[in-house]
Structure formats: structure tokens, C-alpha cells
Amino acid sequence: MVTLNRLVGVKPTAEAMRTALDGDQLDGWDAQLHDASHGTGVPSVLLVGGKGAEASWCGSVERSSGIRAPEFKRRTAALQLMAIDGEVYAVGHDDGFRLLPDELKDRSFGLSFVIRQIDPQQVRGLAASTLGQARTDIAVTPGGIPLSMLGIRAYDQLVSRIGGYLDTIELTYARYGRGRAVTAEGGCGLRLRLGVDSADLIADIREIARICHDRKPRPGLEFVEHFVPVRDLKVREALDLALDDVLGCAEDGRVTLAVPGDLVGVYGEAAGFSVKIGLRRADKVDDLSVSHLLDPVRVHRPGSRLSTLRGGKVRVYGQPELDGSTSAVATSALRWVEANVSLGERRFCLWDQSWYEIGAGYEKEIQATIASVIKTMPSWTPPPWPRGADEVTYNQDLSKTPEGRGFLNLDRAYVKNPLKRRNVLEVCDHLAPDGSLVLVKPAHGRSGPLSHLFNQGLVTVQLLQNSAAVRREFTRLVREKSGDTWHLPEDFVPRRIIFAIRLKPGAPVTSNTLFGFSQVTLAQTVRVLQQWGVTVEVIGIPDGGPGAVQNRGRWAAA
């Protein structure tokens, strides 16, 4: 695999590309720069290098054992810059991507591609940062799982990296890979297999650029691009001014240390850091803390603190070699800071040098979550609810209707509560023929019954997934209630849950007709259940109308 980056601020000429690679990132490398334009047919330069030394543990082993055991290791890197259709791309082999100056990388390039191309049902890995908490969560799922099971909150979590299986795509490896699955991981850069011959490599890069430009994100992955930095210039200026004031105060928790999303792996392997801010000499430390960044800035004049921090440098060093040489990644000091600032009632967070408003997308996220589980074409249509019928009567007669044929009535059928003696639990009102749990509830114009319904669904699934006693009781209950015609697996856990809801007479169930409190509760329930691997569907029970009457378990018009 290689790492592909798109560069910003570099002209598509060989001379500009050579100049871009002349920086601190080459310190300690035995590197050579070549003009590769002739071999590729496009403006191109190639940087190749390596470094080798005796392993750092050799001296320690000799002192502890008295045996001299010289072993050498060598690191290699290749970085090819190519100008294609007016854009400059960098193809890195081994440590090649580390030789690329941080400020030249298009930070959204890799992420922009994968959200347009990977299967959201087969996500293999993800990194997301929670705004306001200086926390990065990393999930690794080699076999691939639905994105919904990762529990990402689109309104306060920034996805910085995601990987998965690519859908049908015209890349060289996909065409000649003999049916092998094609994977990619995208963040700042894009890690995947590309063509080796120059013509194939250029064609692959053009196909990737076309996808980023022409295609929309895959359904379920759109939210990654919805969370955008604050665009209002006046608001950004006010936030910068407020942060400049905060940087002059004693530490109070509003500014914390944060790891840039694309450097999480580097941070985990770091042997040390150096911080160079302002005119002070660089401080070398074993472990980076926020005080290393704030103390040099605090003494500066008001109005200059933020710019001083932005101009500072943090270098992350790898394990030292025996000759004292180390590899380093250099970034702006501001990338290592997360700050929380309020403007009146609005809350903002600075993350990776950009301002975001906390909770700005909360309402949209709630509505989108609800809309995803209320289908225009539901999988099942419940029988109408006659005016005047109570919940017990409706449930008793549901399985006797054409719409409820094959459903097993479990209303008021209980299993023992493993957490409390002399207490019982109702798992569901009905069991559908496909094993889905069906929970029925009339709202009666109030949000309370729906909150109880959604909470029942959470408790039911949690106990069936985690309690062998509840599974044993429930499978026994199903056998008994079905007259020994239903035999669930002994290790049964639900894969789908249906909330069948009747609002006030004549009111359909939509994201707009649900009570405000119920919308929040439902969205939270859906996110949790999806994270547990359970599909959720909300279905409205149609109104039987004032003329509907009960007729031997069937609902009919009078």
C-alpha cells in the first residue's frame, strides 16, 4: 500500500515541487532528489532516502548480559510528487509521507474520497474526536461492521479517519486483483493500493480526483462533511480575540492538550517532544503537557498570544538510535490545543486550528435519526386502532387480523427479572414471524407513555443480550405461548425491534408529530440500539375511525 496526499499551496511545476521538499523534515535522512518528469510524462520529482544505525537496545543488552550483540536496522522512504490536471499529489512509500511538510497537506482529501466510496455497512476502522472533551476514540474492526454500530454522534464528534471496503471502482488493483476485496483508509491522506506503472498510477489518481469532485457522499456518511468550521468572519475574529484573552490567564481547563487526528499513531509511539514558541529556545520534554504550550505564550502582550502560539512548532520524536539520531514530525503548536470559548449563549470549540460551534447540528441530527427509522414504506402495516379500544384489547386481537397473521401475542407475558427478586419483565407485546420484537403503545396525547416504550426496548435488548437466564426464560415462554409451535434458538438475541405507536386519533407518526421530548428520547434509543447491532423501525398505527367496531377479533367498518 501507499499513502496518497493532495497538496495545497504548491504550483504544478517541477521547480515548485523541489522547493516544497526542502525543509526540516529531511533532517537526519540521507536523501536524494530526482527529476522524474521524463519517466512519467507529467511534471514530477522523486525524493528517496534512508537512515540506518545500530539498534538502540544494543548497549542495554550488552550491559545487562555482558555480550556484545550489534544489530543494525534501516528505515527507508520514497516520496513522489506529481502534477496532474493542475493539482499536485504526493505518493509516499514506507516513511515517505512523513517527509511531506505538514502545512502543505490538504487535510480533508483522504476523508473526502472514502466517504464517497466505502460501504457504510462494512467499516473497518474509525477515529473520531469529541468536541469539548479533548478525547479521540479509535475503533478497529477488521471484518467490517455497520457504521451505526460505532455510535458516532454527528453533532459533536469530528471523524478524522475512516477505513473500509471500496465498492465497485475503476482502480488498477480493483481491475486486476482477481476478485480480492479492495480496502482504503482515508483521513488527511489516503492509504490504498494504486497502480505501479506510471500510466496506471496517473489514471488511478485521476479516478480518485473524479470521485471526490463528482460524487456525493454515500448515504449514512454525509454527516462527516456536514460538521464544518465556523464560516462567519466576524464570529471567528471574536473567537480569536476571546481565545487570546484566555491564553493570558492562569490555566482553568478552558484550554487543554489535544492530539491532531492524523498524528494519533505517531503520538502513541513518541519517545519525546520539543516545543519552540516565540524567541525562546526549544524545550525538549519526555511527555507533552498543555503547560509546555501555554507558559511561553502567557507572557506575551494581549493581541499577540494567539499568533505566537500559531507560529510555534511542536516536534514529535521517535525512538532514538544508538548514534543519537531520531525521526521527527513537525507541526504548528496550535494543532495541539483544544480550547472552549463562549460568545453569549453559544459555545464553541477550537480543534486542529479551526473553530466549531458545539451543538450547532444537534436538532438536525435528532431529526435525521428519527427520519431514518420512520419509513415511507414500512415493513409491516399494523391493523387500525378502533376508537375506544384500549391497549390490552388491541394486543389481544392483533394476531387475529390479516395484518397480524403469524404474530405471537406476548402482551402481559413475563419473565423473571434477574436483577431483582419478586419482579418480572415484559419483553415485548408481540413476536413477529421473522423474530422481530414488536412493542405497542398508544400515546394518549402525552410523551410519558412513549418514553416508557423506548426505555422498555432498551432494557429488553440489553437483558436478552447479556443475561443467559433471561434468554432461557424468554425462549421457554415463547414455546409455551405458541403451544410448542415456536422454537427460538437457545441463544436468541433480537436483531430488529419495531415500535408500533398510536398518537392522538387521526395523527400520523412522523418526526414532526412526535412530541419534542419523545423525539430526543427516541433518537437516543435508536443510537444505542444500533450500536448494539439492533435495527430499529417506528411504525404508526392507523386510526380505525369513529365507525370502526370490534367483530370477533377483526376490525371492520360499521
# chains A, B, ... in the order shown; residues from 1 in each chain; ligands from 1
call {"tool": "residues_around", "arguments": {"residues": "stretch 260-268 of chain A", "least_positions_apart": "5", "cutoff": "7 Å", "atoms": "only C-alpha atoms", "output": "short mmCIF file (atom, residue, chain, number, x, y, z; two decimals) with N, CA and C atoms, in the first residue's frame"}}
result
data_model
loop_
_atom_site.label_atom_id
_atom_site.label_comp_id
_atom_site.auth_asym_id
_atom_site.auth_seq_id
_atom_site.Cartn_x
_atom_site.Cartn_y
_atom_site.Cartn_z
N SER A 160 -12.04 11.99 11.95
CA SER A 160 -10.79 12.39 11.31
C SER A 160 -10.20 11.30 10.43
N GLY A 187 -7.97 9.87 5.73
CA GLY A 187 -8.02 10.94 6.71
C GLY A 187 -7.46 12.16 6.03
N CYS A 188 -6.33 12.63 6.52
CA CYS A 188 -5.60 13.67 5.81
C CYS A 188 -5.10 13.11 4.49
N ARG A 335 -2.04 23.23 16.63
CA ARG A 335 -2.73 21.98 16.33
C ARG A 335 -2.85 21.10 17.58
N TRP A 336 -2.05 21.34 18.59
CA TRP A 336 -2.04 20.52 19.80
C TRP A 336 -2.90 21.09 20.91
N ASP A 352 -7.87 21.49 16.09
CA ASP A 352 -6.99 21.42 14.93
C ASP A 352 -7.03 22.73 14.13
#
call {"tool": "residues_around", "arguments": {"residues": "stretch 295-310 of chain A", "least_positions_apart": "5", "cutoff": "8 Å", "atoms": "only C-alpha atoms", "output": "list in words"}}
result
Asp240, Leu241, Leu243, Asp244, Asp245, Leu247, Gly248, Cys249, Ile277, Gly278, Arg280, Ser332, Ala333 and Leu334 of chain A
call {"tool": "closest_atom_pairs", "arguments": {"of": "stretch 291-365 of chain A", "to": "stretch 83-101 of chain A", "cutoff": "10 Å", "atoms": "only C-alpha atoms", "output": "Markdown table"}}
result
| residue | atom | partner | partner_atom | distance |
| --- | --- | --- | --- | --- |
| A:Ser327 | CA | A:Arg98 | CA | 9.2 |
| A:Ala328 | CA | A:Arg98 | CA | 8.4 |
| A:Val329 | CA | A:Arg98 | CA | 6.8 |
| A:Ala330 | CA | A:Pro101 | CA | 7.8 |
| A:Thr331 | CA | A:Pro101 | CA | 8.4 |
call {"tool": "closest_atom_pairs", "arguments": {"of": "stretch 195-239 of chain A", "to": "stretch 115-121 of chain A", "cutoff": "7 Å", "atoms": "only C-alpha atoms", "output": "Markdown table"}}
result
| residue | atom | partner | partner_atom | distance |
| --- | --- | --- | --- | --- |
| A:Arg215 | CA | A:Arg116 | CA | 6.5 |
| A:Lys216 | CA | A:Arg116 | CA | 6.1 |
| A:Pro217 | CA | A:Arg116 | CA | 4.2 |
| A:Arg218 | CA | A:Arg116 | CA | 5.1 |
| A:Gly220 | CA | A:Pro120 | CA | 6.6 |
| A:Leu221 | CA | A:Ile115 | CA | 5.8 |
call {"tool": "write_last_selection", "arguments": {"atoms": "all heavy atoms", "output": "PDB file, in the first residue's frame"}}
result
ATOM      1  N   ARG A 215     -18.970  12.893  -7.168  1.00  0.00           N
ATOM      2  CA  ARG A 215     -19.916  12.079  -6.408  1.00  0.00           C
ATOM      3  C   ARG A 215     -20.280  12.719  -5.074  1.00  0.00           C
ATOM      4  O   ARG A 215     -19.475  13.429  -4.470  1.00  0.00           O
ATOM      5  CB  ARG A 215     -19.346  10.681  -6.163  1.00  0.00           C
ATOM      6  CG  ARG A 215     -19.234   9.839  -7.412  1.00  0.00           C
ATOM      7  CD  ARG A 215     -18.871   8.412  -7.071  1.00  0.00           C
ATOM      8  NE  ARG A 215     -18.676   7.604  -8.265  1.00  0.00           N
ATOM      9  CZ  ARG A 215     -18.285   6.351  -8.259  1.00  0.00           C
ATOM     10  NH1 ARG A 215     -18.043   5.737  -7.101  1.00  0.00           N
ATOM     11  NH2 ARG A 215     -18.132   5.695  -9.380  1.00  0.00           N
ATOM     12  N   LYS A 216     -21.477  12.403  -4.636  1.00  0.00           N
ATOM     13  CA  LYS A 216     -21.920  12.809  -3.311  1.00  0.00           C
ATOM     14  C   LYS A 216     -21.519  11.731  -2.297  1.00  0.00           C
ATOM     15  O   LYS A 216     -21.325  10.570  -2.664  1.00  0.00           O
ATOM     16  CB  LYS A 216     -23.433  12.996  -3.284  1.00  0.00           C
ATOM     17  CG  LYS A 216     -23.927  14.151  -4.143  1.00  0.00           C
ATOM     18  CD  LYS A 216     -25.437  14.277  -4.052  1.00  0.00           C
ATOM     19  CE  LYS A 216     -25.926  15.451  -4.894  1.00  0.00           C
ATOM     20  NZ  LYS A 216     -27.408  15.605  -4.811  1.00  0.00           N
ATOM     21  N   PRO A 217     -21.383  12.084  -1.030  1.00  0.00           N
ATOM     22  CA  PRO A 217     -21.072  11.071  -0.018  1.00  0.00           C
ATOM     23  C   PRO A 217     -22.125   9.972   0.005  1.00  0.00           C
ATOM     24  O   PRO A 217     -23.302  10.192  -0.310  1.00  0.00           O
ATOM     25  CB  PRO A 217     -21.064  11.866   1.291  1.00  0.00           C
ATOM     26  CG  PRO A 217     -20.754  13.265   0.876  1.00  0.00           C
ATOM     27  CD  PRO A 217     -21.414  13.444  -0.455  1.00  0.00           C
ATOM     28  N   ARG A 218     -21.702   8.762   0.378  1.00  0.00           N
ATOM     29  CA  ARG A 218     -22.616   7.635   0.467  1.00  0.00           C
ATOM     30  C   ARG A 218     -23.666   7.898   1.540  1.00  0.00           C
ATOM     31  O   ARG A 218     -23.380   8.519   2.576  1.00  0.00           O
ATOM     32  CB  ARG A 218     -21.839   6.368   0.828  1.00  0.00           C
ATOM     33  CG  ARG A 218     -20.851   5.907  -0.234  1.00  0.00           C
ATOM     34  CD  ARG A 218     -21.578   5.380  -1.467  1.00  0.00           C
ATOM     35  NE  ARG A 218     -22.515   4.333  -1.130  1.00  0.00           N
ATOM     36  CZ  ARG A 218     -22.188   3.044  -1.029  1.00  0.00           C
ATOM     37  NH1 ARG A 218     -20.947   2.649  -1.258  1.00  0.00           N
ATOM     38  NH2 ARG A 218     -23.100   2.149  -0.732  1.00  0.00           N
ATOM     39  N   GLY A 220     -25.579   7.739   4.747  1.00  0.00           N
ATOM     40  CA  GLY A 220     -25.088   7.318   6.052  1.00  0.00           C
ATOM     41  C   GLY A 220     -23.741   7.890   6.393  1.00  0.00           C
ATOM     42  O   GLY A 220     -23.318   7.841   7.552  1.00  0.00           O
ATOM     43  N   LEU A 221     -23.047   8.451   5.397  1.00  0.00           N
ATOM     44  CA  LEU A 221     -21.732   9.054   5.639  1.00  0.00           C
ATOM     45  C   LEU A 221     -21.727  10.554   5.360  1.00  0.00           C
ATOM     46  O   LEU A 221     -20.698  11.209   5.514  1.00  0.00           O
ATOM     47  CB  LEU A 221     -20.670   8.379   4.768  1.00  0.00           C
ATOM     48  CG  LEU A 221     -20.352   6.923   5.098  1.00  0.00           C
ATOM     49  CD1 LEU A 221     -19.496   6.296   4.006  1.00  0.00           C
ATOM     50  CD2 LEU A 221     -19.642   6.820   6.443  1.00  0.00           C
TER      51      LEU A 221
END
call {"tool": "residues_around", "arguments": {"residues": "stretch 439-447 of chain A", "least_positions_apart": "5", "cutoff": "9 Å", "atoms": "only C-alpha atoms", "output": "PyMOL selection string"}}
result
chain A and resi 390-391+395+411+427-431+452-454+456-457+497-505+514-518+541
call {"tool": "select_by_dssp", "arguments": {"residues": "stretch 28-234 of chain A", "states": "strand (DSSP E or B)", "output": "number ranges by chain"}}
result
A: 30-35, 44-54, 72-84, 87-94, 105, 118-130, 135-145, 157-166, 183-186, 190-192
call {"tool": "residues_around", "arguments": {"residues": "A:Asn409", "least_positions_apart": "3", "cutoff": "10 Å", "atoms": "only C-alpha atoms", "output": "list in words"}}
result
Asn395, Gln396, Asp397, Leu398, Ser399, Lys400, Gly404, Gly406, Arg412, Ala413, Cys428, Asp429, His430, Leu431, Ala432, Val438, Val478, Lys481 and Ser482 of chain A
call {"tool": "select_by_dssp", "arguments": {"residues": "stretch 178-365 of chain A", "states": "alpha helix (DSSP H)", "output": "PyMOL selection string"}}
result
chain A and resi 198-214+223-226+233-247+264-268+290-298+305-311+362-365
call {"tool": "closest_residue", "arguments": {"among": "A:Asp200, A:Leu192, A:Thr475, A:Ala134", "to": "A:Arg175", "atoms": "only C-alpha atoms"}}
result
A:Asp200
call {"tool": "closest_residue", "arguments": {"among": "A:Phe407, A:Trp385, A:Phe72, A:Phe113", "to": "A:Gly435", "atoms": "only C-alpha atoms"}}
result
A:Phe407
call {"tool": "residues_around", "arguments": {"residues": "A:Asp232", "least_positions_apart": "4", "cutoff": "12 Å", "atoms": "only C-alpha atoms", "output": "list in words"}}
result
Val228, Arg236, Glu237, Ala238, Leu239, Trp355, Tyr356 and Glu357 of chain A
call {"tool": "residues_around", "arguments": {"residues": "A:His34", "least_positions_apart": "6", "cutoff": "10 Å", "atoms": "only C-alpha atoms", "output": "short mmCIF file (atom, residue, chain, number, x, y, z; two decimals) with N, CA and C atoms, in the first residue's frame"}}
result
data_model
loop_
_atom_site.label_atom_id
_atom_site.label_comp_id
_atom_site.auth_asym_id
_atom_site.auth_seq_id
_atom_site.Cartn_x
_atom_site.Cartn_y
_atom_site.Cartn_z
N ARG A 18 10.20 20.78 -6.10
CA ARG A 18 11.52 20.63 -5.48
C ARG A 18 11.67 21.56 -4.28
N SER A 44 7.16 15.99 -12.36
CA SER A 44 7.26 15.08 -11.22
C SER A 44 8.67 15.12 -10.64
N VAL A 45 8.76 15.00 -9.32
CA VAL A 45 10.05 14.86 -8.65
C VAL A 45 9.96 13.67 -7.70
N LEU A 46 11.09 13.03 -7.47
CA LEU A 46 11.14 11.86 -6.60
C LEU A 46 12.19 12.07 -5.53
N LEU A 47 11.77 11.92 -4.29
CA LEU A 47 12.69 12.00 -3.16
C LEU A 47 12.83 10.61 -2.57
N VAL A 48 14.07 10.10 -2.51
CA VAL A 48 14.31 8.80 -1.90
C VAL A 48 15.36 8.97 -0.81
N GLN A 80 7.07 10.64 -4.08
CA GLN A 80 7.00 11.11 -5.47
C GLN A 80 5.90 12.15 -5.59
#
call {"tool": "atom_distance", "arguments": {"atom1": "atom CA of A:Val520", "atom2": "atom CA of A:Leu458"}}
result
14.5 Å
call {"tool": "atom_distance", "arguments": {"atom1": "atom CA of A:Val337", "atom2": "atom CA of A:Val275"}}
result
12.9 Å
call {"tool": "atom_distance", "arguments": {"atom1": "atom CA of A:Asn466", "atom2": "atom CA of A:Lys420"}}
result
15.5 Å
call {"tool": "residues_around", "arguments": {"residues": "A:Arg479", "least_positions_apart": "5", "cutoff": "12 Å", "atoms": "only C-alpha atoms", "output": "VMD selection string"}}
result
chain A and resid 408 410 431 472 to 474 484 to 490
call {"tool": "write_last_selection", "arguments": {"atoms": "N, CA, C and O atoms", "output": "compact mmCIF listing (two decimals), in the first residue's frame"}}
result
# COMPACT_ATOMS: atom_id res chain seq x y z
N LEU A 408 -47.09 -13.67 17.33
CA LEU A 408 -47.37 -14.33 18.61
C LEU A 408 -47.59 -13.26 19.66
O LEU A 408 -46.73 -12.42 19.93
N LEU A 410 -47.56 -11.72 23.10
CA LEU A 410 -46.85 -11.89 24.37
C LEU A 410 -47.15 -10.75 25.32
O LEU A 410 -46.42 -10.54 26.30
N LEU A 431 -44.27 -11.12 19.03
CA LEU A 431 -43.09 -11.62 18.33
C LEU A 431 -43.48 -11.82 16.87
O LEU A 431 -44.41 -12.58 16.57
N ARG A 472 -33.11 -17.87 28.56
CA ARG A 472 -33.71 -19.16 28.86
C ARG A 472 -35.20 -18.99 29.16
O ARG A 472 -36.06 -19.74 28.66
N GLU A 473 -35.53 -17.99 29.98
CA GLU A 473 -36.93 -17.75 30.34
C GLU A 473 -37.75 -17.35 29.11
O GLU A 473 -38.88 -17.81 28.93
N PHE A 474 -37.17 -16.50 28.27
CA PHE A 474 -37.94 -15.99 27.13
C PHE A 474 -38.20 -17.09 26.10
O PHE A 474 -39.31 -17.22 25.57
N ASP A 484 -46.09 -24.84 21.72
CA ASP A 484 -44.93 -25.64 21.30
C ASP A 484 -44.72 -25.63 19.78
O ASP A 484 -44.09 -26.52 19.21
N THR A 485 -45.22 -24.56 19.12
CA THR A 485 -45.01 -24.46 17.66
C THR A 485 -43.87 -23.50 17.33
O THR A 485 -43.37 -23.52 16.20
N TRP A 486 -43.48 -22.64 18.28
CA TRP A 486 -42.35 -21.72 18.08
C TRP A 486 -41.17 -22.24 18.89
O TRP A 486 -41.31 -22.50 20.09
N HIS A 487 -40.03 -22.36 18.25
CA HIS A 487 -38.82 -22.81 18.94
C HIS A 487 -37.67 -21.86 18.59
O HIS A 487 -37.01 -22.01 17.56
N LEU A 488 -37.48 -20.86 19.43
CA LEU A 488 -36.37 -19.93 19.22
C LEU A 488 -35.05 -20.61 19.59
O LEU A 488 -35.02 -21.51 20.44
N PRO A 489 -33.94 -20.19 18.98
CA PRO A 489 -32.64 -20.72 19.40
C PRO A 489 -32.40 -20.41 20.88
O PRO A 489 -32.85 -19.37 21.38
N GLU A 490 -31.72 -21.31 21.56
CA GLU A 490 -31.47 -21.09 22.98
C GLU A 490 -30.65 -19.82 23.24
O GLU A 490 -30.77 -19.22 24.31
